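Novice: Take this structure first; my questions come after.
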Amino acid sequence: MRVTLKIWRQKEADSPGFFERHPVEKVSEDMSFFEMLDMLNDQLVLAGKTPIAFDHDCREGICGTCGLFINGRAHGPLTGITTCQLHMRSFKDGETIVVEPWRAKAFPVIKDLIVDRISFDRIMEAGGYVSINTGGTPDANEIPIPKANADEAMDAAACIGCGACVATCKNSSAMLFVSAKVSQLALLPQGQPEREIRVSNMVTQMDKEGFGSCTNTGACEVECPKEISIIHIARLNREFIKSSF
Amino acid sequence: MLNSNVPSGPLTEKWTKHKFDLKLVNPANKRKYNIIVVGTGLAGASAAASLAELGYNVQAFSYHESPRRAHSIAAQGGINAAKNYPNDGDSIFRLFYDTIKGGDYRSREANVYRLAEISNNIIDQCVAQGVPFAREYGGLLDNRSFGGAQVSRTFYARGQTGQQLLLGCYSALVRQMHAGKVKFHPRHEMQDLVMINGEAKGIITRNLITGEIQSHAAHAVVLATGGYGNAYFLSTNAMASNATAAWRAHKKGAYFANPSFVQIHPTCIPVASEHQSKLTLMSESLRNDGRVWVPKKKGDKRNPAEISEDERDYYLERLYPSFGNLVPRDVASRRAKEMCDLGNGVGETGLAVYLDFEDAIQRMGRDAVTEKYGNLFDMYKQITGENPYKTPMRIYPAIHYTMGGLWVDYNLMSTIPGLYILGEANFSDHGANRLGASALMQGLADGYFILPYTIGDYLTGKLGESISTDHEAFKDAETSVKNKISTLLSVNGERTVDNIHKELGLILWENVGMARNRAGLEKAINEIPKLKNEFWQNVKVTGTADELNPELEKAGRVADFLELGELMARDALNREESCGGHFREEHQTEENEAKRNDEEFTYVSTWQYKGKDKPSELHKENLIFENVELTTRSYK
Ligand SMILES: Cc1cc2nc3c(=O)[nH]c(=O)nc-3n(C[C@H](O)[C@H](O)[C@H](O)COP(=O)(O)OP(=O)(O)OC[C@H]3O[C@@H](n4cnc5c(N)ncnc54)[C@H](O)[C@@H]3O)c2cc1C
Ligand code: SF4
Ligand code: FES
């Protein structure tokens, strides 16, 4: 098949960006979206042009490094997957595909399709942990945890920190991302001692980073590749209110 | 002579005794030491956090944007520990024994025993961090049997164990970053190790966004930079995983051990197109319930549903009645290759075998199968477009893990004083073959529970030592790094980095892969240096040194793989025996099983770099077994 990419180019953070068109021939349906980009990049290199920079690593949907806005949707047309899991069989022959980076104030573009998500790390630094040191911990089976709680904590913990929720939200809110960690630890006995201070510190940092506020549109949940539920946002809100008393 | 520094005394008391004998750094003095940790995967992040908690000043580096990203995150199956929660007869000694035996008696007894001892602490640590391991209805932790073990000792978090363990380390690390005890440098790639008076005292990095070359000094340097499976181009490793940090340390004097010991994982999704950029692992846990088979008739291209029971060869169950589908990885991989070489392979290329869940679905019900493997089935469907609930998966072996790595002694110190190597980057615990769910265990043992003790012994002697990046050793190293980069950019040839990398990968896969022989290895030793020349004369790297330049990053890494690849072949040629993942066709039994040569090869092959285009020198660490008897691995 043949596709045309209308793809975002930006030399560096401060330079203006623009769309560039690239026809790509001989695309096979079994190629992943990134393998199609690899092929295009190979051609660009041989022609002495600058290849398109994009972030990726595991190419199997778990590391959270990749993330492109494709035809107006975070991680492309399918739900429940990351950009690296997208295959060309999801596109039509002859289609023009628009490819952009995540766009959010708290995620400045570094180059082309690569953005800086270090703001996520700073939110985690503010409280996304249990304050214990290495060693001296009790036996792992000392505290039984109801399976349902452990399972729900795992649902939340599955967040890969990709930022699709932010990119897709009209307010660029990071609530889904933050709630996933708050919820995981609030559901587990290990998270109890710091339950209140954690949510309060993380939310404060989130606001400081310039993420917008949540107006409950639910768009994040739809585009989240790990299908993190907005139930966790509700829990974050309850936790936050409790912590302010 | 290589001194492994294994303490004397009975096996079960070595580590306890050693911890007592190690010199301690006074708590008030810890803050006077700077330690560099390169790599923040499981091994590096656990080490960096634990060292900072003790009071040391840590500088951590990763080429990733965040310590939440690392190849470790992709581990699916689980992590072993000798808790014996299921009451099925596990013990520290059994985990030790299984690991030694699984490694085909090519690892160091004392290290492996310590690993088994520490395994239980790791689980306690992770649970305390809030890692949501799978649980039973009664609220206690669930265990499963994994990768050829006959006890259930594997802890897991759905199919995302590596992710949850790494996020646990990450949480400990960000806590120390917040406390100001760890300074993390994202998107910084180590380019060289800096030595002063023969000891490791710093590193040179490239800032991957700006291209800036920087020097960093410290009292000790820790590398936890992962494995080198990507030398083969196609592997299950993350795209950026590479050998550069280890290789450049090797060139500065750190010996490289067992470079030819690589693990080929039996259950990966087969190659689909010439543009394939990586291979995806289907967790080994699938072999607990899936059955491996090929059609009895060669070249049988019928739809699997049309092939009746008696026309199928469940070859693992046939050849290994007691272990069946759960034989270790090396055995399962080699047998799959054999079936395909005989012409019984399936799929378009004939390079695949079936992994069938029909029986499991009938026995356990579809829901139970979904509960256990749902995400893996989804992943398979997403990649291949086929539904494994309806038709068997097609799988084929792929490069997965490297047992070889920089040589370390019992303290995890390399042959360079002050340079420590952790995780997959070292050679230590898995011998010639790693058991499933043991890499996560080893990385975390190294980082949480071993290095924080052993590094103090070296540091005590260095109190008050001041190291400055003004030292000429730093200036020299910076200059050589800059020169190397500008050479890469100036070749301006006609082949892309990936194109040359693919060729290297093919040479290695065909000659230093699942089955090796003298002629093939000699061919590789002949071809790789030629390809290396081709690279330096004909590679094309676009862009400049002072910008984010992924092509330049790849070029530097492939330059190192080209050198390492040759050493892998030389090591495989030297080892005239078959053991674990190293299968030399000249050395097999009549039943095509690996034939070890304990008489001559019960040693670690350790290679010293002797300079550009000079052959490396082999040093041997003889392995002494006092507690287990060397037997032939049998899984019949
Ligand atoms: C798909 C898959 C599934 C697996 N499943 C399991 C499993 O179920 N159980 C199990 O026990 N094992 C499993 N393994 C193996 C295991 O995941 C790895 O061996 C282990 O995670 C390696 O951890 P590490 O910390 O040593 O290295 P890595 O996680 O590879 O981390 C390397 C770190 O070093 C950094 N780095 C490297 N070079 C440089 C440089 N030059 N400069 C700066 N930073 C650098 C990287 O940025 C990264 O932070 C699996 C492996 C794969 C591929
Ligand atoms: S909540 Fe979902 S979309 Fe947001 S960062 Fe996590 S995985 Fe990505
Ligand atoms: S590259 Fe890892 S999630 Fe896409």
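Just so we're on the same page: first chain in the structure tokens is A, next is B, and so on; residues restart at 1 for each chain, and ligands are numbered from 1 in the order they show up.
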At a cut-off of 6 Å, list the chain A residues touching chain B, using only C-alpha atoms, as an MDAnalysis selection string.
Specialist: chainID A and resid 57:58 63 125 129:130 134 137 139:141 144:147 150 154 190
Novice: Mind listing the helix (DSSP H, G or I) residues of segment 282-321 of chain B, per DSSP on the backbone, as a short mmCIF file (atom, residue, chain, number, x, y, z; two decimals) with C-alpha atoms, in the first residue's frame?
Specialist:
```cif
data_model
loop_
_atom_site.label_atom_id
_atom_site.label_comp_id
_atom_site.auth_asym_id
_atom_site.auth_seq_id
_atom_site.Cartn_x
_atom_site.Cartn_y
_atom_site.Cartn_z
CA LEU B 286 2.33 -19.77 28.27
CA ARG B 287 4.16 -23.08 28.18
CA ASN B 288 2.53 -23.99 31.50
CA ASP B 289 -0.75 -24.52 29.70
CA PRO B 304 -4.01 -26.36 11.99
CA ALA B 305 -7.65 -27.14 12.75
CA GLU B 306 -7.64 -29.64 9.90
CA GLU B 309 -4.40 -35.38 16.81
CA ASP B 310 -2.53 -38.35 15.38
CA GLU B 311 -1.07 -36.21 12.60
CA TYR B 315 7.66 -33.24 20.17
CA LEU B 316 8.60 -31.83 23.58
CA GLU B 317 6.17 -34.15 25.33
CA ARG B 318 7.49 -37.02 23.22
CA LEU B 319 11.18 -36.33 23.83
#
```
Novice: Report as a VMD selection string: the residues of segment 1-237 of chain A with a DSSP assignment of strand (DSSP E or B), based on the backbone of this structure.
Specialist: chain A and resid 3 to 9 18 to 24 32 69 to 70 73 to 74 87 96 to 100 109 to 111 114 to 115 173 212
Novice: For the selection you just gave me, I'd like the residues written to a file as a CSV table (one decimal), in the first residue's frame, keeping N, CA, C and O atoms.
Specialist:
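Saved to again-v3.csv:
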```
chain,number,residue,atom,x,y,z
A,3,VAL,N,0.9,5.4,1.4
A,3,VAL,CA,0.3,6.4,2.3
A,3,VAL,C,1.1,7.7,2.2
A,3,VAL,O,2.2,7.7,1.7
A,4,THR,N,0.4,8.8,2.5
A,4,THR,CA,1.1,10.1,2.6
A,4,THR,C,1.1,10.6,4.0
A,4,THR,O,0.0,10.6,4.7
A,5,LEU,N,2.3,10.9,4.5
A,5,LEU,CA,2.3,11.4,5.9
A,5,LEU,C,2.3,12.9,5.8
A,5,LEU,O,3.1,13.5,5.1
A,6,LYS,N,1.5,13.5,6.7
A,6,LYS,CA,1.6,15.0,6.9
A,6,LYS,C,2.1,15.1,8.3
A,6,LYS,O,1.4,14.8,9.3
A,7,ILE,N,3.4,15.4,8.4
A,7,ILE,CA,4.1,15.1,9.7
A,7,ILE,C,4.8,16.3,10.3
A,7,ILE,O,5.3,17.2,9.5
A,8,TRP,N,4.7,16.5,11.6
A,8,TRP,CA,5.2,17.7,12.3
A,8,TRP,C,6.7,17.7,12.3
A,8,TRP,O,7.3,16.7,12.8
A,9,ARG,N,7.3,18.8,11.9
A,9,ARG,CA,8.8,18.9,12.0
A,9,ARG,C,9.1,20.1,12.8
A,9,ARG,O,8.4,21.2,12.7
A,18,PHE,N,6.4,23.1,11.7
A,18,PHE,CA,5.5,23.1,10.5
A,18,PHE,C,5.2,21.7,10.0
A,18,PHE,O,5.9,20.7,10.5
A,19,PHE,N,4.3,21.5,9.2
A,19,PHE,CA,4.0,20.2,8.6
A,19,PHE,C,4.7,19.9,7.4
A,19,PHE,O,4.9,20.8,6.5
A,20,GLU,N,5.2,18.7,7.2
A,20,GLU,CA,5.9,18.3,6.0
A,20,GLU,C,5.2,17.1,5.4
A,20,GLU,O,4.7,16.3,6.1
A,21,ARG,N,5.1,17.1,4.1
A,21,ARG,CA,4.5,15.9,3.5
A,21,ARG,C,5.5,14.9,3.0
A,21,ARG,O,6.5,15.3,2.3
A,22,HIS,N,5.2,13.7,3.2
A,22,HIS,CA,6.1,12.6,2.7
A,22,HIS,C,5.2,11.4,2.2
A,22,HIS,O,4.6,10.7,3.0
A,23,PRO,N,5.3,11.2,0.9
A,23,PRO,CA,4.6,10.0,0.4
A,23,PRO,C,5.5,8.8,0.8
A,23,PRO,O,6.7,8.9,0.7
A,24,VAL,N,4.9,7.7,1.2
A,24,VAL,CA,5.6,6.5,1.5
A,24,VAL,C,5.0,5.3,0.7
A,24,VAL,O,3.9,5.0,0.8
A,32,SER,N,4.6,-2.5,11.4
A,32,SER,CA,4.1,-1.6,12.4
A,32,SER,C,4.2,-0.2,11.9
A,32,SER,O,4.9,0.1,11.0
A,69,PHE,N,0.3,11.7,18.1
A,69,PHE,CA,-1.1,12.1,17.8
A,69,PHE,C,-1.3,11.8,16.4
A,69,PHE,O,-0.7,12.4,15.5
A,70,ILE,N,-2.1,10.8,16.1
A,70,ILE,CA,-2.3,10.4,14.7
A,70,ILE,C,-3.7,10.6,14.2
A,70,ILE,O,-4.7,10.2,14.9
A,73,ARG,N,-5.9,11.7,17.0
A,73,ARG,CA,-6.2,10.9,18.2
A,73,ARG,C,-4.8,10.4,18.8
A,73,ARG,O,-3.9,10.0,18.1
A,74,ALA,N,-4.8,10.4,20.1
A,74,ALA,CA,-3.6,10.0,20.8
A,74,ALA,C,-3.4,8.5,20.6
A,74,ALA,O,-4.4,7.7,20.7
A,87,HIS,N,-0.5,-1.1,13.7
A,87,HIS,CA,0.0,-1.7,12.5
A,87,HIS,C,-0.6,-1.0,11.3
A,87,HIS,O,-1.7,-0.4,11.4
A,96,THR,N,-4.1,9.8,3.7
A,96,THR,CA,-3.1,10.8,4.2
A,96,THR,C,-3.2,10.7,5.7
A,96,THR,O,-4.3,10.8,6.3
A,97,ILE,N,-2.1,10.5,6.3
A,97,ILE,CA,-2.1,10.4,7.8
A,97,ILE,C,-1.4,11.6,8.4
A,97,ILE,O,-0.2,11.9,8.1
A,98,VAL,N,-2.1,12.2,9.3
A,98,VAL,CA,-1.5,13.4,10.0
A,98,VAL,C,-0.9,13.0,11.3
A,98,VAL,O,-1.5,12.3,12.1
A,99,VAL,N,0.4,13.3,11.5
A,99,VAL,CA,1.2,12.9,12.6
A,99,VAL,C,1.7,14.1,13.4
A,99,VAL,O,2.5,14.9,12.8
A,100,GLU,N,1.4,14.2,14.7
A,100,GLU,CA,1.8,15.3,15.5
A,100,GLU,C,2.3,14.8,16.8
A,100,GLU,O,2.0,13.7,17.3
A,109,VAL,N,7.9,20.6,23.2
A,109,VAL,CA,8.5,19.8,22.2
A,109,VAL,C,10.0,19.9,22.3
A,109,VAL,O,10.6,21.0,22.5
A,110,ILE,N,10.7,18.8,22.1
A,110,ILE,CA,12.2,18.8,22.1
A,110,ILE,C,12.7,18.9,20.7
A,110,ILE,O,13.5,19.6,20.3
A,111,LYS,N,12.1,18.0,19.9
A,111,LYS,CA,12.4,18.0,18.4
A,111,LYS,C,11.4,17.1,17.7
A,111,LYS,O,11.0,16.1,18.2
A,114,ILE,N,9.2,14.5,19.4
A,114,ILE,CA,9.6,14.1,20.8
A,114,ILE,C,9.3,15.3,21.8
A,114,ILE,O,9.6,16.4,21.5
A,115,VAL,N,8.7,14.9,22.9
A,115,VAL,CA,8.3,16.0,23.9
A,115,VAL,C,9.0,15.6,25.2
A,115,VAL,O,9.5,14.5,25.4
A,173,SER,N,-5.1,18.2,31.3
A,173,SER,CA,-5.1,17.8,32.7
A,173,SER,C,-4.3,16.5,32.8
A,173,SER,O,-4.4,15.6,32.0
A,212,GLY,N,-3.7,21.5,33.2
A,212,GLY,CA,-5.0,22.1,33.5
A,212,GLY,C,-5.8,21.3,34.4
A,212,GLY,O,-5.4,20.3,34.9
```
Novice: List as number ranges by chain the protein and nucleic acid residues near segment 243-251 of chain B, meaning an atom at most 8 Å away when only C-alpha atoms are counted, but skip any in the same chain fewer than 6 places from it.
Specialist: B: 190-193, 223, 225-228, 405-406, 425, 556-557, 560-561, 564, 608-609, 611
Novice: Could you save the residues just selected, with N, CA, C and O atoms, as an mmCIF file, in the first residue's frame?
Specialist:
```cif
data_model
loop_
_atom_site.group_PDB
_atom_site.id
_atom_site.type_symbol
_atom_site.label_atom_id
_atom_site.label_comp_id
_atom_site.auth_asym_id
_atom_site.auth_seq_id
_atom_site.Cartn_x
_atom_site.Cartn_y
_atom_site.Cartn_z
ATOM 1 N N MET B 190 26.476 7.505 28.569
ATOM 2 C CA MET B 190 27.886 7.347 28.908
ATOM 3 C C MET B 190 28.663 6.984 27.658
ATOM 4 O O MET B 190 28.295 6.085 26.916
ATOM 5 N N GLN B 191 29.747 7.693 27.418
ATOM 6 C CA GLN B 191 30.566 7.454 26.237
ATOM 7 C C GLN B 191 31.896 6.824 26.584
ATOM 8 O O GLN B 191 32.498 6.157 25.762
ATOM 9 N N ASP B 192 32.361 7.096 27.794
ATOM 10 C CA ASP B 192 33.639 6.507 28.166
ATOM 11 C C ASP B 192 33.793 6.478 29.682
ATOM 12 O O ASP B 192 33.137 7.234 30.404
ATOM 13 N N LEU B 193 34.693 5.584 30.098
ATOM 14 C CA LEU B 193 35.040 5.474 31.505
ATOM 15 C C LEU B 193 36.356 6.217 31.690
ATOM 16 O O LEU B 193 37.232 6.140 30.839
ATOM 17 N N LEU B 223 28.213 0.370 36.866
ATOM 18 C CA LEU B 223 27.507 0.219 35.590
ATOM 19 C C LEU B 223 26.391 -0.800 35.758
ATOM 20 O O LEU B 223 26.633 -1.923 36.195
ATOM 21 N N THR B 225 24.053 -1.334 33.031
ATOM 22 C CA THR B 225 23.628 -0.846 31.723
ATOM 23 C C THR B 225 23.002 -1.911 30.832
ATOM 24 O O THR B 225 22.812 -1.690 29.641
ATOM 25 N N GLY B 226 22.676 -3.061 31.402
ATOM 26 C CA GLY B 226 21.909 -4.057 30.662
ATOM 27 C C GLY B 226 22.740 -4.935 29.742
ATOM 28 O O GLY B 226 23.969 -4.888 29.743
ATOM 29 N N GLY B 227 22.054 -5.746 28.961
ATOM 30 C CA GLY B 227 22.708 -6.764 28.131
ATOM 31 C C GLY B 227 22.946 -6.313 26.704
ATOM 32 O O GLY B 227 22.584 -5.205 26.324
ATOM 33 N N TYR B 228 23.547 -7.223 25.907
ATOM 34 C CA TYR B 228 23.953 -6.866 24.551
ATOM 35 C C TYR B 228 23.246 -7.686 23.475
ATOM 36 O O TYR B 228 23.763 -7.850 22.371
ATOM 37 N N GLY B 405 28.948 -11.066 30.111
ATOM 38 C CA GLY B 405 28.984 -9.659 30.498
ATOM 39 C C GLY B 405 30.319 -9.364 31.139
ATOM 40 O O GLY B 405 31.217 -10.215 31.142
ATOM 41 N N LEU B 406 30.453 -8.183 31.689
ATOM 42 C CA LEU B 406 31.737 -7.857 32.303
ATOM 43 C C LEU B 406 31.961 -8.760 33.518
ATOM 44 O O LEU B 406 31.048 -9.021 34.297
ATOM 45 N N ALA B 425 24.303 -6.636 32.865
ATOM 46 C CA ALA B 425 25.604 -6.211 32.344
ATOM 47 C C ALA B 425 26.762 -7.042 32.894
ATOM 48 O O ALA B 425 27.817 -7.104 32.283
ATOM 49 N N GLY B 556 27.114 5.060 17.098
ATOM 50 C CA GLY B 556 28.081 4.793 18.163
ATOM 51 C C GLY B 556 27.879 3.396 18.743
ATOM 52 O O GLY B 556 28.835 2.677 19.044
ATOM 53 N N ARG B 557 26.618 3.018 18.884
ATOM 54 C CA ARG B 557 26.322 1.712 19.487
ATOM 55 C C ARG B 557 26.692 0.576 18.540
ATOM 56 O O ARG B 557 27.235 -0.444 18.966
ATOM 57 N N ASP B 560 30.307 -0.345 18.425
ATOM 58 C CA ASP B 560 30.714 -1.228 19.522
ATOM 59 C C ASP B 560 30.237 -2.662 19.314
ATOM 60 O O ASP B 560 30.962 -3.616 19.601
ATOM 61 N N PHE B 561 29.009 -2.824 18.826
ATOM 62 C CA PHE B 561 28.513 -4.184 18.555
ATOM 63 C C PHE B 561 29.423 -4.911 17.561
ATOM 64 O O PHE B 561 29.606 -6.122 17.636
ATOM 65 N N LEU B 564 32.300 -6.186 19.614
ATOM 66 C CA LEU B 564 31.842 -7.220 20.546
ATOM 67 C C LEU B 564 31.455 -8.499 19.795
ATOM 68 O O LEU B 564 31.744 -9.611 20.246
ATOM 69 N N GLN B 608 40.590 -10.213 27.880
ATOM 70 C CA GLN B 608 41.220 -8.918 28.126
ATOM 71 C C GLN B 608 41.467 -8.227 26.785
ATOM 72 O O GLN B 608 41.996 -8.828 25.854
ATOM 73 N N TYR B 609 41.087 -6.976 26.711
ATOM 74 C CA TYR B 609 41.289 -6.188 25.492
ATOM 75 C C TYR B 609 42.769 -5.822 25.366
ATOM 76 O O TYR B 609 43.386 -5.373 26.333
ATOM 77 N N GLY B 611 44.053 -3.950 22.629
ATOM 78 C CA GLY B 611 44.332 -2.850 21.705
ATOM 79 C C GLY B 611 43.685 -3.093 20.355
ATOM 80 O O GLY B 611 43.319 -4.217 20.019
#
```
Novice: At a cut-off of 9 Å and counting only C-alpha atoms and all ligand atoms, what residues surround ligand 3? Please answer as a compact mmCIF listing (two decimals) with C-alpha atoms, in the first residue's frame.
Specialist:
```txt
# COMPACT_ATOMS: atom_id res chain seq x y z
CA ASP A 55 10.59 8.51 20.85
CA HIS A 56 10.22 4.75 21.21
CA ASP A 57 11.95 1.89 22.97
CA CYS A 58 10.16 -1.35 23.84
CA ARG A 59 7.91 -1.37 20.77
CA GLU A 60 5.51 -3.60 22.62
CA GLY A 61 3.28 -1.22 24.52
CA ILE A 62 4.80 -1.33 27.97
CA CYS A 63 7.57 1.24 28.40
CA GLY A 64 5.43 4.31 27.77
CA THR A 65 8.10 6.02 25.71
CA CYS A 66 6.21 6.34 22.45
CA GLY A 67 3.27 8.58 21.80
CA ILE A 81 -2.96 0.28 22.49
CA THR A 82 0.11 2.49 22.24
CA THR A 83 1.47 3.96 19.02
CA CYS A 84 4.15 1.27 18.77
CA GLN A 85 1.45 -1.41 18.72
CA ILE A 160 2.75 3.46 31.65
CA CYS A 162 2.85 7.88 28.32
CA ARG B 69 11.77 3.78 31.41
CA ALA B 74 9.20 -5.25 29.55
CA ALA B 238 14.16 -2.74 23.74
CA MET B 239 15.32 -0.84 20.66
```
Novice: With only C-alpha atoms and all ligand atoms counted, collect every polymer residue having an atom within 6 Å of ligand 2; state the result as a count of residues only.
Specialist: 13
Novice: Determine, counting only C-alpha atoms, which protein, DNA and RNA residues have an atom within 12 Å of an atom of Tyr453 of chain B; residues of the same chain fewer than 6 positions away are not included. Present the result as a list in words.
Specialist: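 Everything that qualifies: Thr134 and Gly135 of chain A; Trp15, Thr16, His18, Lys19, Phe20, Asp21, Leu22, Lys23, Leu24, Val25, Ala47, Ser50, Leu51, Leu54, Tyr410, Asn411, Leu412, Ala445, Asp446, Gly447, Leu459 and Thr460 of chain B.
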Novice: Let me make sure I understand: among B:Lys475, B:Arg302, B:Arg187, B:His219, which one has the smallest atom-to-atom distance to ligand 1 if we use only C-alpha atoms and all ligand atoms?
Specialist: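 Distance minimum relative to ligand 1 lands on B:Arg187.
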Novice: Using only C-alpha atoms and all ligand atoms, find the one residue out of B:Ile203, B:Ile92, B:Ala224, B:Leu115 that sits nearest to ligand 1.
Specialist: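 Closest to ligand 1 of all the choices is B:Ala224.
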Novice: I'd like the neighbourhood of segment 191-207 of chain A as a list of chain:residue names, where a residue qualifies if any of its atoms comes within 7 Å (using only C-alpha atoms), though same-chain residues fewer than 6 positions away should be ignored.
Specialist: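 The neighbour list is A:Ile123, A:Met124, A:Ala126, A:Gly127, A:Gly128, A:Val130, A:Val182, A:Leu185, A:Glu239, A:Phe240, A:Ser243, B:Gly130.
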Novice: Return the single residue from B:Ser91, B:Ser616, B:Thr402, B:Asn34 that is closest to ligand 1, with distances computed using only C-alpha atoms and all ligand atoms.
Specialist: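 Closest to ligand 1 of all the choices is B:Thr402.
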